[in-house]
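Chemist: My questions will all concern the structure given below.
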Amino acid sequence: MAEQTIVEKTMSLIVESIASGKYKVGTKLPNEFSLLKELNVGRNSLRESIKILCAMGVLEIRRGDGTYVCSQISPSFFDKIVYGLMLNLSSDEELIELREMLDEQTVRTVIEKIDEKGLSILKNNLDQMKQAKEESDMQRVQELDYEFHMLLIDLCENPFWSRMIKGVYMMYVKYMKREMFANMNASLALYHHTNIYNCIKNKDEDNVKKIVDQSLEGWKDAFSNRNERK
């Protein structure tokens with residue numbers, strides 16, 4: 001994994017200070033001299049970091065006043081952070097491990113928050129997927145496969161989690177469009193999604209990890225086969 005540049009490290013320190021509450025949302029950052037001393041970086045690196053964070057919607061420069069932490073951090077901030085994290089993952093195994101962790105936590109959160117309306121929404125998706133599979137409409141099955149995961153994320157009822165996880169899933173779309181992944185998903189999605197639905201409906205927290213791991217076995221095999229062909 002590539003080592004962070006000085007600018008990236010400076011950006012990370014500023015973001016960490018915002019996350020910890022040291023620099024509060026809507027408040028003014030210390031002046032440049034103080035930041036240079038605090039972060040122990042050069043003026044050019046600091047200015048470039050602030051410039052990038054302003055473009056990401058984290059900071060804003062008020063002419064004649066100073067630099068402030070934005071009152072409402074732009075959703076694009078989460079997208080770019082997620083995108084950067086994904087690009088830095090060094091292997092297919094890490095991509096799979098990341099998805100396992102995120103899917104498991106998503107299912108656990110849904111179990112805690114789900115109501116009858118939410119269960120009905122998931123069941124409707126499964127019914128549509130079953131019909132599409134019976135009609136051999138694999139493209140529709142793939143669409144419903146992706147929709148099922150988006151529904152689970154929305155049912156977590158946490159806008160920050162939703163934004164982050166959907167950003168991650170967008171990175172997986174490129175794999176979903178590859179023939180071997182698409183065919184594998186289409187043939188097994190209904191089975192695995194039904195297991196996930198039953199796990200949620202029965203609030204079977206003890207088997208969440210097992211069911212999520214099983215749902216991704218096909219992905220693991222497909223990645224493995226892809227690497228063997230390289």
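Chains: A, B, ... in order of the structure tokens. Residues: from 1 per chain. Ligands: from 1, in order shown.
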Determine, counting only C-alpha atoms, which protein, DNA and RNA residues have an atom within 12 Å of an atom of Leu119 (chain A); residues of the same chain fewer than 2 positions away are not included. Present the result as a list of chain:residue names.
Modeler: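 That gives A:Val110, A:Ile111, A:Lys113, A:Ile114, A:Asp115, A:Glu116, A:Lys117, A:Ile121, A:Leu122, A:Lys123, A:Asn124, A:Asn125, A:Leu126, A:Phe148, A:Leu151, A:Leu152, A:Leu155, A:Thr194, A:Ile196, A:Tyr197, A:Asn198, A:Cys199, A:Ile200, A:Lys201, A:Asn202, A:Lys203.
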Chemist: Produce a file of the selected residues containing N, CA and C atoms, as a short mmCIF file (atom, residue, chain, number, x, y, z; two decimals), in the first residue's frame.
Modeler:
data_model
loop_
_atom_site.label_atom_id
_atom_site.label_comp_id
_atom_site.auth_asym_id
_atom_site.auth_seq_id
_atom_site.Cartn_x
_atom_site.Cartn_y
_atom_site.Cartn_z
N VAL A 110 -30.38 -3.93 10.86
CA VAL A 110 -31.76 -4.09 10.37
C VAL A 110 -32.56 -4.95 11.34
N ILE A 111 -31.96 -5.99 11.89
CA ILE A 111 -32.65 -6.85 12.86
C ILE A 111 -33.14 -6.02 14.04
N LYS A 113 -33.91 -2.79 14.03
CA LYS A 113 -34.83 -1.70 13.69
C LYS A 113 -36.02 -2.10 12.83
N ILE A 114 -36.02 -3.29 12.27
CA ILE A 114 -37.04 -3.68 11.30
C ILE A 114 -38.44 -3.72 11.93
N ASP A 115 -39.44 -3.32 11.14
CA ASP A 115 -40.84 -3.45 11.55
C ASP A 115 -41.58 -4.21 10.45
N GLU A 116 -42.89 -4.36 10.62
CA GLU A 116 -43.66 -5.13 9.64
C GLU A 116 -43.62 -4.50 8.25
N LYS A 117 -43.62 -3.18 8.21
CA LYS A 117 -43.55 -2.50 6.92
C LYS A 117 -42.24 -2.80 6.21
N ILE A 121 -41.54 -4.80 2.61
CA ILE A 121 -40.75 -4.24 1.51
C ILE A 121 -39.73 -5.27 1.01
N LEU A 122 -39.05 -5.94 1.95
CA LEU A 122 -38.07 -6.96 1.57
C LEU A 122 -38.75 -8.15 0.89
N LYS A 123 -39.91 -8.55 1.44
CA LYS A 123 -40.64 -9.70 0.87
C LYS A 123 -41.09 -9.39 -0.55
N ASN A 124 -41.51 -8.18 -0.80
CA ASN A 124 -41.94 -7.79 -2.14
C ASN A 124 -40.79 -7.90 -3.13
N ASN A 125 -39.60 -7.50 -2.68
CA ASN A 125 -38.42 -7.63 -3.54
C ASN A 125 -38.15 -9.09 -3.87
N LEU A 126 -38.26 -9.97 -2.88
CA LEU A 126 -38.02 -11.40 -3.10
C LEU A 126 -39.06 -12.00 -4.04
N PHE A 148 -32.13 -5.17 -3.40
CA PHE A 148 -32.29 -5.81 -2.09
C PHE A 148 -31.27 -5.25 -1.10
N LEU A 151 -32.10 -1.70 -0.15
CA LEU A 151 -33.20 -1.68 0.80
C LEU A 151 -32.71 -1.97 2.21
N LEU A 152 -31.84 -2.95 2.34
CA LEU A 152 -31.28 -3.27 3.65
C LEU A 152 -30.56 -2.07 4.24
N LEU A 155 -32.97 0.51 5.44
CA LEU A 155 -33.68 0.07 6.63
C LEU A 155 -32.84 0.21 7.91
N THR A 194 -33.25 -14.92 0.48
CA THR A 194 -34.31 -15.52 1.29
C THR A 194 -33.78 -15.90 2.66
N ILE A 196 -31.27 -14.47 4.21
CA ILE A 196 -31.06 -13.22 4.94
C ILE A 196 -32.38 -12.68 5.46
N TYR A 197 -33.41 -12.72 4.62
CA TYR A 197 -34.75 -12.26 5.02
C TYR A 197 -35.26 -13.05 6.23
N ASN A 198 -35.14 -14.38 6.18
CA ASN A 198 -35.61 -15.21 7.29
C ASN A 198 -34.82 -14.94 8.56
N CYS A 199 -33.52 -14.69 8.40
CA CYS A 199 -32.68 -14.36 9.55
C CYS A 199 -33.16 -13.07 10.21
N ILE A 200 -33.50 -12.08 9.39
CA ILE A 200 -33.99 -10.80 9.91
C ILE A 200 -35.37 -10.97 10.54
N LYS A 201 -36.26 -11.66 9.84
CA LYS A 201 -37.63 -11.84 10.32
C LYS A 201 -37.64 -12.56 11.67
N ASN A 202 -36.78 -13.57 11.80
CA ASN A 202 -36.73 -14.37 13.04
C ASN A 202 -35.79 -13.77 14.08
N LYS A 203 -35.17 -12.63 13.73
CA LYS A 203 -34.21 -11.97 14.63
C LYS A 203 -33.15 -12.96 15.12
#
Chemist: Which polymer residues have any atom within 9 Å of an atom of His149 (chain A), counting only C-alpha atoms, with same-chain residues fewer than 4 positions away left out, as a PyMOL selection string?
Modeler: chain A and resi 103+144-145+153-154+169
Chemist: Show which residues sit within 9 Å of Thr67 (chain A), as a list in words. Count only C-alpha atoms, and ignore same-chain residues fewer than 6 positions away.
Modeler: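 The filter keeps Thr27, Lys28, Leu29, Pro30, Asn31, Ile50, Leu59, Glu60 and Ile61 of chain A.
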Chemist: Emit the selected residues as a PDB file, in the first residue's frame, including N, CA and C atoms.
Modeler:
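The file below, again_5.pdb, is the result:
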ATOM      1  N   THR A  27     -17.274  26.215  13.233  1.00  0.00           N
ATOM      2  CA  THR A  27     -16.341  27.120  13.914  1.00  0.00           C
ATOM      3  C   THR A  27     -15.100  27.388  13.055  1.00  0.00           C
ATOM      4  N   LYS A  28     -14.385  28.400  13.433  1.00  0.00           N
ATOM      5  CA  LYS A  28     -13.203  28.850  12.698  1.00  0.00           C
ATOM      6  C   LYS A  28     -11.970  28.067  13.121  1.00  0.00           C
ATOM      7  N   LEU A  29     -11.151  27.681  12.137  1.00  0.00           N
ATOM      8  CA  LEU A  29      -9.897  27.006  12.444  1.00  0.00           C
ATOM      9  C   LEU A  29      -8.890  28.007  13.001  1.00  0.00           C
ATOM     10  N   PRO A  30      -7.872  27.526  13.729  1.00  0.00           N
ATOM     11  CA  PRO A  30      -6.800  28.428  14.166  1.00  0.00           C
ATOM     12  C   PRO A  30      -6.147  29.095  12.956  1.00  0.00           C
ATOM     13  N   ASN A  31      -5.449  30.194  13.170  1.00  0.00           N
ATOM     14  CA  ASN A  31      -4.802  30.870  12.046  1.00  0.00           C
ATOM     15  C   ASN A  31      -3.675  30.012  11.474  1.00  0.00           C
ATOM     16  N   ILE A  50      -5.832  22.373   2.762  1.00  0.00           N
ATOM     17  CA  ILE A  50      -7.040  23.170   2.990  1.00  0.00           C
ATOM     18  C   ILE A  50      -7.798  23.372   1.674  1.00  0.00           C
ATOM     19  N   LEU A  59     -14.254  22.069   4.478  1.00  0.00           N
ATOM     20  CA  LEU A  59     -13.895  23.394   4.976  1.00  0.00           C
ATOM     21  C   LEU A  59     -14.392  24.460   4.000  1.00  0.00           C
ATOM     22  N   GLU A  60     -14.470  25.680   4.481  1.00  0.00           N
ATOM     23  CA  GLU A  60     -14.795  26.810   3.604  1.00  0.00           C
ATOM     24  C   GLU A  60     -13.966  28.014   4.019  1.00  0.00           C
ATOM     25  N   ILE A  61     -13.471  28.737   3.021  1.00  0.00           N
ATOM     26  CA  ILE A  61     -12.668  29.929   3.278  1.00  0.00           C
ATOM     27  C   ILE A  61     -13.561  31.160   3.144  1.00  0.00           C
TER      28      ILE A  61
END
Chemist: Grab the CA of Met11 (chain A) to CA of Leu95 (chain A) distance for me, in Å with one decimal place.
Modeler: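 Atom-to-atom, CA of Met11 (chain A) to CA of Leu95 (chain A), that is 24.5 Å.
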Chemist: Quick check, in Å to one decimal: how far apart do CA of Gly118 (chain A) and CA of Glu157 (chain A) lie?
Modeler: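 Separating CA of Gly118 (chain A) from CA of Glu157 (chain A) is a distance of 11.0 Å.
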Chemist: For Ala189 (chain A), which residue out of A:Ala132, A:Met164, A:Arg62, A:Lys210 is the nearest one, using only C-alpha atoms?
Modeler: A:Ala132
Chemist: Using only C-alpha atoms, determine which residues lie at most 12 Å from Gln214 (chain A), disregarding the query and same-chain residues fewer than 3 positions distant; provide the list as number ranges by chain.
Modeler: A: 100, 103-104, 188-189, 191-193, 195-196, 207-211, 217-221
Chemist: In Å, how far is it from CA of Asp65 (chain A) to CA of Val25 (chain A)?
Modeler: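 Going from CA of Asp65 (chain A) over to CA of Val25 (chain A) covers 16.3 Å.
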Chemist: Can you work out which one of A:Ile18, A:Gln128, A:Glu48, A:Lys24 has the shortest atom-to-atom distance to Ile6 (chain A), counting only C-alpha atoms?
Modeler: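 Smallest distance to Ile6 (chain A) is found for A:Glu48.
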Chemist: Counting only C-alpha atoms, which residue out of A:Val15, A:Ile52, A:Val7, A:Leu190 sits closest to Gln131 (chain A)?
Modeler: A:Leu190
